[in-house]
Amino acid sequence: MNEAREAEDGELRALQAALAAEHAAVYGYGVVGGRVGKERRTEARTAYDAHRARRDALVRAVRDTGGAPVAAAAGYALPFPVPDAAAAVRLAAELEGRVAGVYADLVRASTGERRRGAAEAMREAAVRAVRWSGKSVAFPGLAERGGTASGTPAPSA
């Protein structure tokens, strides 16, 4: 396989991973929105809408590269129980950290305008993670790479 083809395949894999993460984030924000306190509901809705828009853009990007977009799972296993507003806030921060991680991978795998878009998506997710958690990391998207293989909640059967 030549070097250009390997780069294209790597970029497609990174696009698919970002798409899968956005599917999981949309699902997760459905849970967040149902549990988060009234004072943060608008913030949750804004994040939900942002993830839906990113997901839709990634579907187009995957198709543009000749791939078949990965479908959303029927459900996703959450990383922890979400019985109340405090847990919903923690889940939102976790979702954003995981999304930032897969966008970091897409930044590494892409060039040009796609790389700029991935960097912007990573930045937005990192900013939302800080807003939800009140904590930041030095290199958004990179800390998450050490703890999970996929960076997304696992689909449930």
# chains A, B, ... in the order shown; residues from 1 in each chain; ligands from 1

call {"tool": "residues_around", "arguments": {"residues": "region 18-25 of chain A", "least_positions_apart": "5", "cutoff": "8 Å", "atoms": "only C-alpha atoms", "output": "PyMOL selection string"}}
result
chain A and resi 48+51-52+54-55+58-59+69-73+76+95-96+98-99+102-103+106+151-153

call {"tool": "write_last_selection", "arguments": {"atoms": "C-alpha atoms", "output": "short mmCIF file (atom, residue, chain, number, x, y, z; two decimals), in the first residue's frame"}}
result
data_model
loop_
_atom_site.label_atom_id
_atom_site.label_comp_id
_atom_site.auth_asym_id
_atom_site.auth_seq_id
_atom_site.Cartn_x
_atom_site.Cartn_y
_atom_site.Cartn_z
CA TYR A 48 -26.54 18.69 22.30
CA HIS A 51 -22.83 17.63 18.74
CA ARG A 52 -25.72 16.96 16.36
CA ARG A 54 -20.79 18.03 14.18
CA ARG A 55 -22.23 14.54 13.70
CA LEU A 58 -18.91 14.14 9.87
CA VAL A 59 -21.46 12.00 8.02
CA PRO A 69 -20.69 6.44 7.74
CA VAL A 70 -20.76 4.35 10.90
CA ALA A 71 -24.30 4.15 12.24
CA ALA A 72 -25.34 5.14 15.73
CA ALA A 73 -25.90 2.30 18.15
CA TYR A 76 -24.80 3.27 24.78
CA LEU A 95 -18.48 13.15 27.17
CA GLU A 96 -16.66 16.32 26.20
CA ARG A 98 -13.81 11.81 25.23
CA VAL A 99 -14.92 13.79 22.17
CA VAL A 102 -11.05 11.56 19.19
CA TYR A 103 -10.76 14.98 17.60
CA LEU A 106 -8.41 13.42 13.69
CA GLY A 151 -12.66 7.24 23.82
CA THR A 152 -16.44 6.77 23.60
CA PRO A 153 -19.13 5.16 25.70
#

call {"tool": "residues_around", "arguments": {"residues": "Lys38 (chain A)", "least_positions_apart": "6", "cutoff": "12 Å", "atoms": "only C-alpha atoms", "output": "PyMOL selection string"}}
result
chain A and resi 32+44-45+84-86+88-89

call {"tool": "write_last_selection", "arguments": {"atoms": "all heavy atoms", "output": "mmCIF file, in the first residue's frame"}}
result
data_model
loop_
_atom_site.group_PDB
_atom_site.id
_atom_site.type_symbol
_atom_site.label_atom_id
_atom_site.label_comp_id
_atom_site.auth_asym_id
_atom_site.auth_seq_id
_atom_site.Cartn_x
_atom_site.Cartn_y
_atom_site.Cartn_z
ATOM 1 N N VAL A 32 -28.079 13.603 29.867
ATOM 2 C CA VAL A 32 -27.728 14.814 30.617
ATOM 3 C C VAL A 32 -28.927 15.761 30.675
ATOM 4 O O VAL A 32 -29.289 16.266 31.742
ATOM 5 C CB VAL A 32 -26.506 15.520 29.977
ATOM 6 C CG1 VAL A 32 -26.287 16.911 30.588
ATOM 7 C CG2 VAL A 32 -25.252 14.669 30.127
ATOM 8 N N ALA A 44 -26.880 22.470 28.361
ATOM 9 C CA ALA A 44 -26.951 21.086 27.855
ATOM 10 C C ALA A 44 -27.573 21.063 26.467
ATOM 11 O O ALA A 44 -27.089 20.349 25.580
ATOM 12 C CB ALA A 44 -27.746 20.207 28.820
ATOM 13 N N ARG A 45 -28.613 21.837 26.256
ATOM 14 C CA ARG A 45 -29.274 21.865 24.943
ATOM 15 C C ARG A 45 -28.334 22.427 23.874
ATOM 16 O O ARG A 45 -28.280 21.923 22.751
ATOM 17 C CB ARG A 45 -30.558 22.706 25.015
ATOM 18 C CG ARG A 45 -31.286 22.824 23.719
ATOM 19 C CD ARG A 45 -31.715 21.463 23.244
ATOM 20 N NE ARG A 45 -32.271 21.550 21.909
ATOM 21 C CZ ARG A 45 -33.042 20.658 21.376
ATOM 22 N NH1 ARG A 45 -33.373 19.588 22.045
ATOM 23 N NH2 ARG A 45 -33.493 20.797 20.167
ATOM 24 N N ASP A 84 -28.852 11.763 39.137
ATOM 25 C CA ASP A 84 -29.217 13.112 39.564
ATOM 26 C C ASP A 84 -28.456 14.176 38.765
ATOM 27 O O ASP A 84 -27.655 13.853 37.874
ATOM 28 C CB ASP A 84 -28.931 13.271 41.070
ATOM 29 C CG ASP A 84 -27.483 12.951 41.441
ATOM 30 O OD1 ASP A 84 -26.581 13.079 40.590
ATOM 31 O OD2 ASP A 84 -27.253 12.561 42.604
ATOM 32 N N ALA A 85 -28.707 15.431 39.107
ATOM 33 C CA ALA A 85 -28.108 16.555 38.376
ATOM 34 C C ALA A 85 -26.585 16.579 38.503
ATOM 35 O O ALA A 85 -25.891 16.876 37.522
ATOM 36 C CB ALA A 85 -28.701 17.875 38.878
ATOM 37 N N ALA A 86 -26.056 16.258 39.664
ATOM 38 C CA ALA A 86 -24.595 16.271 39.837
ATOM 39 C C ALA A 86 -23.936 15.234 38.932
ATOM 40 O O ALA A 86 -22.904 15.511 38.299
ATOM 41 C CB ALA A 86 -24.228 16.024 41.300
ATOM 42 N N ALA A 88 -25.207 14.112 36.179
ATOM 43 C CA ALA A 88 -25.402 14.578 34.799
ATOM 44 C C ALA A 88 -24.307 15.567 34.407
ATOM 45 O O ALA A 88 -23.792 15.511 33.288
ATOM 46 C CB ALA A 88 -26.784 15.224 34.647
ATOM 47 N N VAL A 89 -23.930 16.422 35.306
ATOM 48 C CA VAL A 89 -22.841 17.372 35.040
ATOM 49 C C VAL A 89 -21.529 16.621 34.839
ATOM 50 O O VAL A 89 -20.765 16.922 33.920
ATOM 51 C CB VAL A 89 -22.739 18.419 36.179
ATOM 52 C CG1 VAL A 89 -21.449 19.226 36.091
ATOM 53 C CG2 VAL A 89 -23.956 19.336 36.152
#

call {"tool": "closest_residue", "arguments": {"among": "A:Ala93, A:Val31, A:Ala77, A:Ala104", "to": "Lys135 (chain A)", "atoms": "only C-alpha atoms"}}
result
A:Ala93

call {"tool": "atom_distance", "arguments": {"atom1": "CA of Ala57 (chain A)", "atom2": "CA of Ala17 (chain A)"}}
result
13.5 Å
